[in-house]
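Visitor: File target19.cif below, mmCIF, C-alpha atoms:
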data_run
#
loop_
_atom_site.label_atom_id
_atom_site.label_comp_id
_atom_site.auth_asym_id
_atom_site.auth_seq_id
_atom_site.Cartn_x
_atom_site.Cartn_y
_atom_site.Cartn_z
CA ASP A 1 16.01 -15.41 17.80
CA LEU A 2 12.52 -14.76 16.48
CA SER A 3 10.47 -16.65 19.07
CA MET A 4 7.98 -14.32 20.68
CA PRO A 5 8.59 -13.37 24.30
CA ASP A 6 5.01 -12.33 24.94
CA SER A 7 2.21 -14.68 23.94
CA LYS A 8 -0.76 -12.43 24.77
CA LYS A 9 -2.85 -11.27 21.86
CA VAL A 10 -2.01 -8.53 19.41
CA ILE A 11 -4.65 -6.03 18.33
CA ILE A 12 -4.65 -4.75 14.75
CA PHE A 13 -6.83 -1.68 14.16
CA THR A 14 -7.81 0.21 11.03
CA ALA A 15 -9.91 3.35 10.66
CA LEU A 16 -10.56 2.67 6.96
CA ASN A 17 -13.32 0.48 5.58
CA HIS A 18 -11.99 -0.13 2.05
CA GLY A 19 -8.94 -0.20 -0.20
CA GLY A 20 -5.27 -0.96 0.32
CA ILE A 21 -5.18 -0.08 4.02
CA LEU A 22 -7.98 -2.49 4.93
CA GLN A 23 -6.05 -5.09 2.91
CA LEU A 24 -2.88 -4.27 4.86
CA ALA A 25 -4.79 -4.82 8.13
CA ASN A 26 -6.02 -8.19 6.80
CA GLN A 27 -2.53 -9.14 5.64
CA MET A 28 -1.13 -8.43 9.11
CA ALA A 29 -3.90 -10.56 10.64
CA ILE A 30 -3.19 -13.43 8.19
CA THR A 31 0.50 -13.18 9.12
CA LEU A 32 -0.18 -13.26 12.86
CA LYS A 33 -2.33 -16.33 12.31
CA SER A 34 0.39 -18.06 10.31
CA ILE A 35 3.03 -17.42 13.02
CA GLY A 36 0.62 -18.72 15.67
CA ARG A 37 -0.07 -15.43 17.46
CA GLU A 38 -3.50 -14.74 18.93
CA PHE A 39 -4.98 -11.50 17.55
CA SER A 40 -8.11 -9.41 17.08
CA LEU A 41 -8.67 -7.29 13.98
CA TYR A 42 -10.75 -4.16 14.68
CA VAL A 43 -12.51 -2.72 11.61
CA PRO A 44 -15.17 -0.01 11.16
CA VAL A 45 -18.78 -1.18 11.36
CA GLY A 46 -19.96 -2.63 8.03
CA SER A 47 -16.54 -3.74 6.78
CA LYS A 48 -16.29 -7.23 8.29
CA ASN A 49 -17.72 -8.62 5.03
CA LYS A 50 -14.67 -7.23 3.19
CA CYS A 51 -12.27 -9.18 5.42
CA VAL A 52 -10.59 -12.44 4.46
CA ASP A 53 -12.39 -15.68 5.38
CA GLU A 54 -9.48 -17.12 7.30
CA VAL A 55 -9.43 -14.28 9.87
CA LEU A 56 -13.21 -13.66 10.19
CA ASP A 57 -13.43 -15.38 13.59
CA SER A 58 -11.13 -12.72 15.04
CA VAL A 59 -12.70 -9.64 13.40
CA VAL A 60 -14.40 -7.11 15.71
CA GLU A 61 -16.51 -4.31 14.24
CA TYR A 62 -16.51 -1.00 16.12
CA ASN A 63 -18.44 2.21 15.68
CA LEU A 64 -16.79 5.60 16.26
CA PRO A 65 -17.96 9.05 15.14
CA LYS A 66 -16.34 10.41 11.96
CA PHE A 67 -14.47 13.06 13.92
CA SER A 68 -13.40 11.21 17.08
CA PHE A 69 -10.84 12.47 19.57
CA SER A 70 -9.25 10.69 22.52
CA ALA A 71 -11.45 12.24 25.25
CA GLU A 72 -14.71 11.67 23.33
CA LYS A 73 -17.16 9.27 25.05
CA ARG A 74 -17.34 6.45 22.46
CA THR A 75 -13.57 6.55 21.92
CA ARG A 76 -13.03 6.21 25.69
CA GLU A 77 -15.49 3.31 25.85
CA LEU A 78 -13.76 1.47 23.00
CA ALA A 79 -10.37 2.07 24.64
CA ALA A 80 -11.69 0.62 27.93
CA GLU A 81 -13.01 -2.46 26.10
CA ILE A 82 -9.61 -3.00 24.42
CA ILE A 83 -7.70 -2.56 27.71
CA LYS A 84 -10.01 -5.14 29.36
CA SER A 85 -8.99 -7.76 26.77
CA ASP A 86 -5.41 -7.36 28.11
CA PRO A 87 -3.48 -7.45 24.81
CA SER A 88 0.33 -7.47 24.58
CA CYS A 89 0.25 -4.58 22.11
CA PHE A 90 -1.92 -2.52 19.77
CA ILE A 91 -1.03 -1.64 16.16
CA ALA A 92 -2.98 0.99 14.21
CA VAL A 93 -2.29 0.35 10.52
CA ASP A 94 -3.05 3.96 9.54
CA ASP A 95 -3.06 7.42 11.08
CA ALA A 96 -6.55 8.45 9.98
CA ILE A 97 -8.69 10.29 12.53
CA LYS A 98 -10.23 7.33 14.39
CA ALA A 99 -6.92 5.47 14.57
CA SER A 100 -5.03 8.46 16.00
CA ALA A 101 -7.82 9.10 18.52
CA ILE A 102 -7.80 5.53 19.83
CA VAL A 103 -3.98 5.37 19.96
CA SER A 104 -3.93 8.57 22.05
CA ALA A 105 -6.59 7.11 24.37
CA LEU A 106 -4.68 3.82 24.82
CA SER A 107 -1.00 4.66 24.74
CA LYS A 108 -0.53 5.25 28.49
CA ARG A 109 -1.92 1.77 29.21
CA ILE A 110 -0.84 -0.43 26.30
CA LYS A 111 2.25 -0.66 24.09
CA CYS A 112 1.12 0.95 20.84
CA GLY A 113 2.46 1.42 17.33
CA ILE A 114 0.96 3.59 14.59
CA VAL A 115 1.66 3.20 10.85
CA ILE A 116 2.22 6.30 8.73
CA HIS A 117 1.61 5.84 5.01
CA ASP A 118 2.36 9.39 3.88
CA VAL A 119 4.10 11.86 6.18
CA ASN A 120 2.87 14.59 3.83
CA PRO A 121 -0.39 13.66 2.08
CA HIS A 122 -0.46 13.34 -1.72
CA PRO A 123 -1.45 16.46 -3.64
CA GLN A 124 -5.19 16.46 -4.33
CA LYS A 125 -7.87 18.90 -5.39
CA LYS A 126 -8.68 21.08 -2.40
CA THR A 127 -12.20 21.52 -1.09
CA LEU A 128 -13.08 23.25 2.17
CA TYR A 129 -14.31 19.96 3.66
CA LYS A 130 -11.07 18.18 2.72
CA GLU A 131 -8.98 20.98 4.17
CA ILE A 132 -10.87 20.93 7.48
CA SER A 133 -10.71 17.10 7.67
CA GLU A 134 -6.99 17.18 6.90
CA PHE A 135 -6.39 19.84 9.57
CA ILE A 136 -8.22 17.69 12.18
CA ARG A 137 -6.45 14.53 11.00
CA LYS A 138 -3.04 16.17 11.22
CA THR A 139 -3.70 17.63 14.67
CA LEU A 140 -4.82 14.25 16.03
CA ALA A 141 -1.98 12.42 14.28
CA LYS A 142 0.59 14.75 15.87
CA GLN A 143 -0.95 14.05 19.28
CA ALA A 144 -0.74 10.30 18.56
CA TYR A 145 2.93 10.54 17.46
CA ARG A 146 3.68 12.33 20.74
CA ARG A 147 1.97 9.68 22.90
CA VAL A 148 2.65 6.47 21.00
CA GLY A 149 5.59 4.16 21.71
CA ARG A 150 6.48 3.32 18.09
CA VAL A 151 5.98 5.23 14.86
CA ILE A 152 6.04 2.73 12.00
CA LEU A 153 7.24 3.91 8.56
CA LEU A 154 6.88 1.80 5.44
CA SER A 155 10.07 2.77 3.56
CA GLU A 156 13.48 4.40 3.99
CA ASN A 157 12.11 7.37 2.07
CA SER A 158 9.17 7.85 4.48
CA TYR A 159 11.58 7.48 7.38
CA ARG A 160 13.80 10.29 6.03
CA ILE A 161 10.80 12.61 5.50
CA PHE A 162 9.42 11.84 8.98
CA CYS A 163 12.77 12.52 10.68
CA LYS A 164 12.98 15.86 8.91
CA CYS A 165 9.44 16.87 9.95
CA TYR A 166 9.49 15.39 13.46
CA PRO A 167 13.12 15.23 14.66
CA GLN A 168 11.91 14.97 18.28
CA TYR A 169 10.42 11.49 17.62
CA VAL A 170 13.32 9.88 15.73
CA ARG A 171 13.95 7.48 18.64
CA LYS A 172 10.42 6.07 18.32
CA THR A 173 10.67 5.15 14.66
CA VAL A 174 10.84 1.70 13.16
CA ILE A 175 10.97 0.87 9.45
CA PHE A 176 8.62 -1.91 8.35
CA PRO A 177 9.20 -2.72 4.65
CA LEU A 178 5.74 -2.72 3.03
CA GLY A 179 5.22 -6.16 1.47
CA ALA A 180 2.60 -7.16 -1.09
CA HIS A 181 -0.85 -7.34 0.46
CA VAL A 182 -2.58 -9.77 -1.86
CA MET A 183 -5.81 -11.28 -0.54
CA PRO A 184 -6.37 -15.01 -1.19
CA ALA A 185 -8.44 -15.40 -4.40
CA SER A 186 -8.50 -17.47 -7.59
CA PRO A 187 -7.02 -15.67 -10.59
CA ILE A 188 -9.66 -14.51 -13.06
CA MET A 189 -9.13 -12.73 -16.36
CA PRO A 190 -10.94 -9.35 -16.53
CA GLU A 191 -13.72 -9.95 -19.05
CA GLU A 192 -12.81 -6.88 -21.15
CA LEU A 193 -9.60 -8.75 -22.09
CA ASN A 194 -11.40 -11.80 -23.50
CA LYS A 195 -11.44 -10.42 -27.04
CA TYR A 196 -7.67 -9.92 -27.23
CA LYS A 197 -5.41 -12.69 -28.49
CA ASP A 198 -1.80 -13.00 -27.39
CA LEU A 199 -1.78 -10.55 -24.49
CA ASP A 200 0.76 -12.27 -22.22
CA GLY A 201 3.79 -10.17 -21.37
CA PHE A 202 1.83 -6.88 -21.57
CA ALA A 203 2.92 -3.73 -19.71
CA LEU A 204 0.71 -3.07 -16.66
CA PHE A 205 -0.22 0.06 -14.74
CA PHE A 206 -2.13 -1.00 -11.65
CA GLY A 207 -3.73 1.04 -8.86
CA ARG A 208 -6.01 3.98 -8.24
CA ILE A 209 -5.60 6.52 -11.03
CA ASP A 210 -4.73 9.87 -9.51
CA GLU A 211 -3.03 12.85 -11.11
CA TYR A 212 0.24 12.32 -9.21
CA LYS A 213 0.51 8.76 -10.62
CA GLY A 214 1.63 9.97 -14.07
CA VAL A 215 -0.71 7.81 -16.17
CA ASP A 216 -0.92 10.74 -18.61
CA ARG A 217 2.74 10.41 -19.57
CA LEU A 218 2.54 6.61 -19.84
CA VAL A 219 -0.39 6.91 -22.29
CA ARG A 220 1.46 9.63 -24.25
CA VAL A 221 4.66 7.56 -24.54
CA GLN A 222 2.74 4.41 -25.50
CA ALA A 223 0.99 6.36 -28.31
CA GLU A 224 4.36 7.67 -29.59
CA ASN A 225 5.85 4.16 -29.56
CA CYS A 226 2.83 2.85 -31.50
CA LEU A 227 3.67 5.14 -34.45
CA ASP A 228 6.22 2.43 -35.23
CA LYS A 229 4.29 -0.53 -36.71
CA LYS A 230 6.80 -3.00 -35.21
CA TYR A 231 5.82 -1.90 -31.70
CA THR A 232 2.92 -4.06 -30.51
CA LEU A 233 3.43 -4.25 -26.72
CA PRO A 234 -0.05 -4.08 -25.16
CA LEU A 235 -0.55 -1.68 -22.24
CA VAL A 236 -3.22 -2.48 -19.65
CA ILE A 237 -4.25 0.32 -17.27
CA ALA A 238 -6.24 -1.13 -14.39
CA GLY A 239 -7.71 0.76 -11.45
CA LYS A 240 -10.42 3.11 -10.30
CA LYS A 241 -10.16 6.65 -11.66
CA LEU A 242 -10.00 9.39 -9.03
CA SER A 243 -8.70 12.18 -11.24
CA GLY A 244 -10.59 14.20 -13.82
CA GLU A 245 -8.30 12.92 -16.59
CA HIS A 246 -9.81 10.92 -19.43
CA PHE A 247 -8.25 7.65 -20.59
CA GLU A 248 -9.78 5.23 -23.03
CA THR A 249 -9.11 1.93 -24.72
CA SER A 250 -7.39 2.39 -28.08
CA ASP A 251 -6.65 -0.41 -30.54
CA LYS A 252 -4.37 1.90 -32.51
CA ASP A 253 -2.24 2.46 -29.39
CA HIS A 254 -2.53 -1.16 -28.14
CA THR A 255 -3.98 0.20 -24.89
CA VAL A 256 -6.78 -1.30 -22.78
CA CYS A 257 -8.27 0.78 -19.94
CA LEU A 258 -10.05 -0.99 -17.10
CA THR A 259 -10.91 2.15 -15.15
CA ARG A 260 -13.07 0.54 -12.50
CA PHE A 261 -12.77 -1.40 -9.26
CA ILE A 262 -10.55 -4.47 -9.87
CA SER A 263 -11.35 -7.58 -7.84
CA ASP A 264 -8.63 -9.51 -5.97
CA GLY A 265 -8.85 -12.40 -8.46
CA GLU A 266 -8.50 -10.01 -11.42
CA MET A 267 -5.54 -8.31 -9.80
CA ILE A 268 -3.75 -11.65 -9.34
CA TRP A 269 -4.43 -12.59 -12.98
CA LEU A 270 -3.02 -9.27 -14.22
CA PHE A 271 0.21 -9.64 -12.24
CA GLN A 272 0.62 -13.28 -13.24
CA HIS A 273 0.30 -12.53 -16.96
CA CYS A 274 1.99 -9.14 -17.41
CA GLY A 275 5.62 -8.80 -18.53
CA VAL A 276 6.49 -5.56 -16.74
CA VAL A 277 4.79 -3.24 -14.23
CA VAL A 278 5.11 0.51 -14.86
CA LEU A 279 5.03 3.11 -12.06
CA PRO A 280 5.34 6.46 -13.86
CA TYR A 281 4.51 8.47 -10.69
CA TYR A 282 5.37 12.16 -10.25
CA GLU A 283 5.60 11.68 -6.47
CA ALA A 284 5.41 8.81 -3.92
CA SER A 285 6.17 7.96 -0.28
CA GLN A 286 6.55 4.30 -1.20
CA SER A 287 4.45 1.97 -3.29
CA GLY A 288 2.12 -0.89 -2.44
CA VAL A 289 2.14 -1.93 -6.12
CA LEU A 290 5.90 -2.45 -6.54
CA PRO A 291 6.15 -5.30 -3.99
CA ILE A 292 3.21 -7.05 -5.69
CA ALA A 293 5.17 -6.99 -8.96
CA TYR A 294 8.20 -8.46 -7.16
CA LYS A 295 6.09 -11.12 -5.42
CA TYR A 296 4.95 -12.38 -8.84
CA GLY A 297 8.51 -12.18 -10.18
CA LYS A 298 7.84 -9.24 -12.52
CA PRO A 299 10.29 -6.43 -13.27
CA VAL A 300 9.27 -2.79 -12.84
CA ILE A 301 9.88 0.48 -14.68
CA VAL A 302 9.73 3.42 -12.26
CA SER A 303 10.29 7.17 -12.46
CA ASN A 304 13.42 8.63 -10.84
CA ILE A 305 11.75 9.89 -7.66
CA ASN A 306 12.47 9.18 -4.01
CA GLY A 307 10.07 6.56 -2.75
CA LEU A 308 10.46 4.44 -5.90
CA GLN A 309 13.96 4.58 -7.37
CA GLU A 310 15.68 3.24 -4.23
CA LEU A 311 13.42 0.15 -4.30
CA VAL A 312 14.78 -0.93 -7.69
CA ILE A 313 18.02 -2.81 -8.25
CA GLU A 314 18.93 -1.74 -11.80
CA ASP A 315 19.04 -4.62 -14.31
CA ARG A 316 18.05 -7.11 -11.61
CA THR A 317 14.55 -6.09 -10.49
CA GLY A 318 13.82 -3.35 -13.02
CA SER A 319 14.77 0.05 -14.41
CA VAL A 320 14.48 3.72 -13.54
CA PHE A 321 13.64 6.38 -16.17
CA LYS A 322 14.23 10.13 -16.02
CA ASP A 323 12.09 11.38 -18.92
CA ASP A 324 9.56 10.37 -21.60
CA ALA A 325 12.27 9.36 -24.08
CA GLU A 326 13.80 6.92 -21.62
CA LEU A 327 10.41 5.49 -20.64
CA GLY A 328 9.70 4.94 -24.35
CA ARG A 329 13.04 3.18 -24.84
CA LEU A 330 12.48 0.87 -21.84
CA LEU A 331 8.99 -0.09 -23.07
CA ARG A 332 10.48 -0.89 -26.48
CA THR A 333 12.92 -3.37 -24.86
CA TYR A 334 9.94 -5.22 -23.34
CA ASN A 335 8.29 -5.18 -26.77
CA ILE A 336 11.28 -7.09 -28.18
CA ASN A 337 11.66 -9.55 -25.28
CA ARG A 338 8.02 -10.08 -24.40
CA SER A 339 7.31 -12.70 -21.75
CA GLY A 340 4.69 -13.22 -19.06
CA LYS A 341 6.86 -15.75 -17.21
CA GLU A 342 7.86 -15.30 -13.59
CA ASN A 343 11.48 -14.27 -13.02
CA GLN A 344 12.66 -16.48 -10.09
CA GLU A 345 15.43 -14.07 -9.14
CA ILE A 346 12.89 -11.28 -8.55
CA SER A 347 10.49 -13.44 -6.52
CA GLU A 348 13.41 -14.70 -4.39
CA TYR A 349 14.48 -11.10 -3.79
CA TYR A 350 10.89 -10.37 -2.70
CA ASN A 351 10.94 -13.18 -0.15
CA GLU A 352 14.26 -12.03 1.32
CA THR A 353 13.29 -8.37 1.56
CA TYR A 354 9.54 -8.25 2.02
CA GLY A 355 8.69 -11.59 3.68
CA TRP A 356 5.72 -10.92 5.99
CA ASN A 357 6.45 -13.46 8.74
CA LYS A 358 9.99 -12.22 9.31
CA ASN A 359 9.09 -8.53 9.15
CA VAL A 360 6.02 -8.80 11.42
CA LEU A 361 8.05 -10.70 14.05
CA ILE A 362 10.72 -7.99 13.99
CA LEU A 363 8.01 -5.29 14.26
CA LEU A 364 6.37 -7.00 17.26
CA GLU A 365 9.75 -7.25 18.95
CA ARG A 366 10.32 -3.52 18.47
CA ILE A 367 6.87 -2.64 19.87
CA LEU A 368 7.14 -5.00 22.84
CA GLU A 369 10.51 -3.54 23.89
CA ILE A 370 8.89 -0.09 24.52
CA ASN A 371 9.80 1.18 28.02
CA GLU A 372 11.96 -1.84 28.72
#
Rewrite the structure of this file - the entire thing - as C-alpha cells.
Guide:
Amino acid sequence: DLSMPDSKKVIIFTALNHGGILQLANQMAITLKSIGREFSLYVPVGSKNKCVDEVLDSVVEYNLPKFSFSAEKRTRELAAEIIKSDPSCFIAVDDAIKASAIVSALSKRIKCGIVIHDVNPHPQKKTLYKEISEFIRKTLAKQAYRRVGRVILLSENSYRIFCKCYPQYVRKTVIFPLGAHVMPASPIMPEELNKYKDLDGFALFFGRIDEYKGVDRLVRVQAENCLDKKYTLPLVIAGKKLSGEHFETSDKDHTVCLTRFISDGEMIWLFQHCGVVVLPYYEASQSGVLPIAYKYGKPVIVSNINGLQELVIEDRTGSVFKDDAELGRLLRTYNINRSGKENQEISEYYNETYGWNKNVLILLERILEINE
C-alpha cells in the first residue's frame, strides 16, 4: 500500500547551488508534486533561478555561512524556522557542510534523512584549502550520520562501502535507486553538431570530465578503431572539463568534443539521438548518467568496476568491458549496427527499476517510520 500515512509537508534541502545535486533536489520536488504531497524546496541564496518552473512557488532561498555547524547562530535560526513550519520530515539531498549542519540541528525534533553520494570522495588534485574543507565536511557529516534517522544511499555499491566504513549505522540505512534527473526542456541540437551529416546512433560520453572518468582511454580506443577506414562511428564527448587533460575535436578520429556547460535541452537531444552511452570510468560510487541512458532506451558500455557493472544486465541493457581491446570491440559492434532509435525493453526496465514516484513513496515511508 503506497498511500501516504502522513500528509504534512516534506522539506527537501540542498547545500549546493549548481549541477547534478541541485537537479536531484528539483527532481524530488517535481516527484512530490506529482504524487500530491505538499513540500518546500530549500536552496542556497541565488539559486532559485536555476530551479524548475513547476516547483518555483515552493522554493525557499536560505543563507548560511560557508562553514556552518549545528550550534552556529544562523544555522540555529534556520532550524527554528523549519521546525515552526511543522513538516512531516526533512530530506537533505547531499552531505555537504551546510546540509550536515542543518540535519544535526534538526534531527532531535524532526524525522530526517540525509543522502550520501560518495562515501569516500572521488580522487582529486589536493590543495590545502580542499583538504581543510574536506576535513570539516567529513567531521560534520559523521556527526549528521550519528544524529540522523535515515542514511540514504544511492546504490547497492554505496551501501556496501558505507556499511564497511560505518558498521554502527547499518540499521539506519535505506537504498534509494538513483533515477535519471532530467529537467523539463525542449530538445535542442548543440550548434557545434550542425555541420555534421548523419550523426544519429553516435557513441556518447556525457558528464563532467574528470580524471577518474577515463575519457583518456575512450579517446585512445576511438583513435585506434579509426585506423580502419570502415570504422565511422562518431564519438561525442559532452561536458565541462575539470581535469587538466586536453581533448579536441578530430575529423580523422570521428570525434567531437563539446567541453563546456551543456544545457538541459542539449542533454536531452544528445540522449535521444545517440546509439550507445559509454562510461569508461576508473572508479565510481554509482552513476547519474547511466539511468539517463536507460530512461531514453539507450544501451551502455561500462568498465568492470563496482558502482557500474552491477547496474548492467549483459546483452539486455548493455555491456561491461575489462580492457581497451574489449572496449574497442564493443564500439565496433555499434559501428556495424548503428541506430539512434529507442530500445523499448531498456526504457521499460528503467521504469520498473528507477521510477521516481514509486521510489520516493518507499523512501518517505522509511523516513516516517523512524522511532515508531
Visitor: Report as CSV: every residue of stretch 267-312 of chain A with an atom at most 12 Å from stretch 219-242 of chain A, its closest pair of atoms, and their distance in Å to one decimal, counting only C-alpha atoms, with rows sorted by chain and ascending residue number.
Guide:
residue,atom,partner,partner_atom,distance
A:Met267,CA,A:Ala238,CA,8.6
A:Ile268,CA,A:Ala238,CA,11.9
A:Trp269,CA,A:Ala238,CA,11.7
A:Leu270,CA,A:Val236,CA,8.7
A:Phe271,CA,A:Val236,CA,10.9
A:His273,CA,A:Val236,CA,11.0
A:Cys274,CA,A:Val236,CA,8.7
A:Gly275,CA,A:Leu233,CA,9.6
A:Val276,CA,A:Leu235,CA,9.7
A:Val277,CA,A:Val236,CA,9.7
A:Val278,CA,A:Leu235,CA,9.6
A:Leu279,CA,A:Ile237,CA,11.0
A:Pro280,CA,A:Val219,CA,10.2
A:Val289,CA,A:Gly239,CA,11.5
Visitor: Determine, using all atoms listed in the file, which residues of stretch 167-190 of chain A have any atom at most 10 Å from an atom of stretch 293-297 of chain A, and tabulate each with its shortest atom pair and distance in Å to one decimal place, rows ordered by chain and then rising number, as JSON lines.
Guide:
{"residue": "A:Gly179", "atom": "CA", "partner": "A:Lys295", "partner_atom": "CA", "distance": 8.5}
{"residue": "A:Ala180", "atom": "CA", "partner": "A:Lys295", "partner_atom": "CA", "distance": 6.8}
{"residue": "A:His181", "atom": "CA", "partner": "A:Lys295", "partner_atom": "CA", "distance": 9.9}
{"residue": "A:Val182", "atom": "CA", "partner": "A:Lys295", "partner_atom": "CA", "distance": 9.5}
Visitor: Print the selection's residues with C-alpha atoms to a file, as a PDB file, in the coordinates of the input.
Guide:
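Written output follows (selection-v6.pdb):
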ATOM      1  CA  GLY A 179       5.220  -6.160   1.470  1.00  0.00           C
ATOM      2  CA  ALA A 180       2.600  -7.160  -1.090  1.00  0.00           C
ATOM      3  CA  HIS A 181      -0.850  -7.340   0.460  1.00  0.00           C
ATOM      4  CA  VAL A 182      -2.580  -9.770  -1.860  1.00  0.00           C
TER       5      VAL A 182
END
Visitor: I need the output of the PyMOL selection byres ((chain A and resi 311) around 12) for this file as an NGL selection string; which residues are they?
Guide: :A and (154-157 or 177-179 or 279 or 284-291 or 293-294 or 299-310 or 312-314 or 316-320 or 349-350 or 353-354)
Visitor: Closest to A:Arg217 among A:Glu266, A:Glu134, A:Glu326, A:Asp86, using all atoms listed in the file?
Guide: A:Glu326
Visitor: With all atoms listed in the file as the atoms that count, which of A:Asp251, A:Glu54, A:Gly355, A:Pro87 lies nearest to A:Ser40?
Guide: A:Pro87
Visitor: Dig up all the protein and nucleic acid residues within 12 Å of (-6.8, -1.4, 6.1) in the file frame, using all atoms listed in the file, and format them as a VMD selection string.
Guide: chain A and resid 12 to 29 41 to 44 47 to 48 50 to 52 91 to 96 99 115 117 181 183
Visitor: Rounded to one decimal in Å, what is the spacing between atom CA of A:Lys126 and atom CA of A:Val103?
Guide: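 Computing it gives 27.7 Å between the two atoms.
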Visitor: Compare A:Phe247, A:Phe176, A:Tyr196, A:Tyr334 by their minimum atom-to-atom distance to A:Glu365, counting all atoms listed in the file, and give me the closest one.
Guide: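 Among the listed residues, the smallest separation from A:Glu365 belongs to A:Phe176.
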Visitor: Determine the nearest neighbour of A:Tyr145 from the options A:Lys164, A:Lys341, A:Lys172, A:Lys125, counting all atoms listed in the file.
Guide: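 Ranking A:Lys164, A:Lys341, A:Lys172, A:Lys125 by distance to A:Tyr145, first place goes to A:Lys172.
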Visitor: Using atom CA of A:Asp324 and atom CA of A:Tyr159 as the two end points, give the distance in Å to one decimal.
Guide: 29.2 Å
Visitor: Would you compute the distance between atom CA of A:Ser104 and atom CA of A:Arg76? Give it in Å to one decimal.
Guide: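 Separation of atom CA of A:Ser104 and atom CA of A:Arg76: 10.1 Å.
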Visitor: I'd like the neighbourhood of A:Arg147 as a short mmCIF file (atom, residue, chain, number, x, y, z; two decimals) with C-alpha atoms, in the coordinates of the input, where a residue qualifies if any of its atoms comes within 10 Å (using all atoms listed in the file), though same-chain residues fewer than 2 positions away should be ignored.
Guide:
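Full text of part_15.cif as output:
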data_model
loop_
_atom_site.label_atom_id
_atom_site.label_comp_id
_atom_site.auth_asym_id
_atom_site.auth_seq_id
_atom_site.Cartn_x
_atom_site.Cartn_y
_atom_site.Cartn_z
CA SER A 100 -5.03 8.46 16.00
CA VAL A 103 -3.98 5.37 19.96
CA SER A 104 -3.93 8.57 22.05
CA ALA A 105 -6.59 7.11 24.37
CA LEU A 106 -4.68 3.82 24.82
CA SER A 107 -1.00 4.66 24.74
CA LYS A 108 -0.53 5.25 28.49
CA CYS A 112 1.12 0.95 20.84
CA GLY A 113 2.46 1.42 17.33
CA ALA A 141 -1.98 12.42 14.28
CA LYS A 142 0.59 14.75 15.87
CA GLN A 143 -0.95 14.05 19.28
CA ALA A 144 -0.74 10.30 18.56
CA TYR A 145 2.93 10.54 17.46
CA GLY A 149 5.59 4.16 21.71
CA ARG A 150 6.48 3.32 18.09
#
Visitor: Show me as a list in words the residues that reach within 10 Å of (-12.2, -8.8, -17.3), counting only C-alpha atoms and using the file's own coordinates.
Guide: Ile188, Met189, Pro190, Glu191, Glu192, Leu193, Asn194, Lys195, Leu258, Ile262, Ser263, Glu266, Trp269 and Leu270 of chain A
Visitor: Please supply stretch 172-176 of chain A, rebuilt with all heavy atoms, as an mmCIF file, in the coordinates of the input.
Guide:
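Final output, rebuild_6.cif:
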data_model
loop_
_atom_site.group_PDB
_atom_site.id
_atom_site.type_symbol
_atom_site.label_atom_id
_atom_site.label_comp_id
_atom_site.auth_asym_id
_atom_site.auth_seq_id
_atom_site.Cartn_x
_atom_site.Cartn_y
_atom_site.Cartn_z
ATOM 1 N N LYS A 172 11.604 6.960 18.310
ATOM 2 C CA LYS A 172 10.420 6.070 18.320
ATOM 3 C C LYS A 172 10.229 5.314 17.006
ATOM 4 O O LYS A 172 9.354 4.472 16.895
ATOM 5 C CB LYS A 172 9.150 6.911 18.504
ATOM 6 C CG LYS A 172 9.047 7.636 19.795
ATOM 7 C CD LYS A 172 7.701 8.367 19.834
ATOM 8 C CE LYS A 172 7.483 8.968 21.215
ATOM 9 N NZ LYS A 172 6.090 9.392 21.390
ATOM 10 N N THR A 173 11.000 5.669 15.997
ATOM 11 C CA THR A 173 10.670 5.150 14.660
ATOM 12 C C THR A 173 11.141 3.722 14.450
ATOM 13 O O THR A 173 12.135 3.280 15.024
ATOM 14 C CB THR A 173 11.321 6.006 13.550
ATOM 15 O OG1 THR A 173 12.720 6.060 13.817
ATOM 16 C CG2 THR A 173 10.758 7.397 13.512
ATOM 17 N N VAL A 174 10.407 3.010 13.622
ATOM 18 C CA VAL A 174 10.840 1.700 13.160
ATOM 19 C C VAL A 174 10.413 1.590 11.692
ATOM 20 O O VAL A 174 9.347 2.075 11.314
ATOM 21 C CB VAL A 174 10.250 0.566 14.051
ATOM 22 C CG1 VAL A 174 8.766 0.728 14.274
ATOM 23 C CG2 VAL A 174 10.516 -0.799 13.464
ATOM 24 N N ILE A 175 11.305 1.030 10.873
ATOM 25 C CA ILE A 175 10.970 0.870 9.450
ATOM 26 C C ILE A 175 10.434 -0.538 9.229
ATOM 27 O O ILE A 175 11.070 -1.518 9.617
ATOM 28 C CB ILE A 175 12.189 1.127 8.545
ATOM 29 C CG1 ILE A 175 12.684 2.568 8.731
ATOM 30 C CG2 ILE A 175 11.841 0.876 7.076
ATOM 31 C CD1 ILE A 175 13.972 2.872 7.983
ATOM 32 N N PHE A 176 9.247 -0.616 8.653
ATOM 33 C CA PHE A 176 8.620 -1.910 8.350
ATOM 34 C C PHE A 176 8.443 -1.960 6.835
ATOM 35 O O PHE A 176 7.587 -1.264 6.292
ATOM 36 C CB PHE A 176 7.259 -1.985 9.054
ATOM 37 C CG PHE A 176 6.486 -3.238 8.758
ATOM 38 C CD1 PHE A 176 6.801 -4.429 9.392
ATOM 39 C CD2 PHE A 176 5.447 -3.234 7.826
ATOM 40 C CE1 PHE A 176 6.083 -5.596 9.116
ATOM 41 C CE2 PHE A 176 4.736 -4.387 7.547
ATOM 42 C CZ PHE A 176 5.052 -5.571 8.193
#
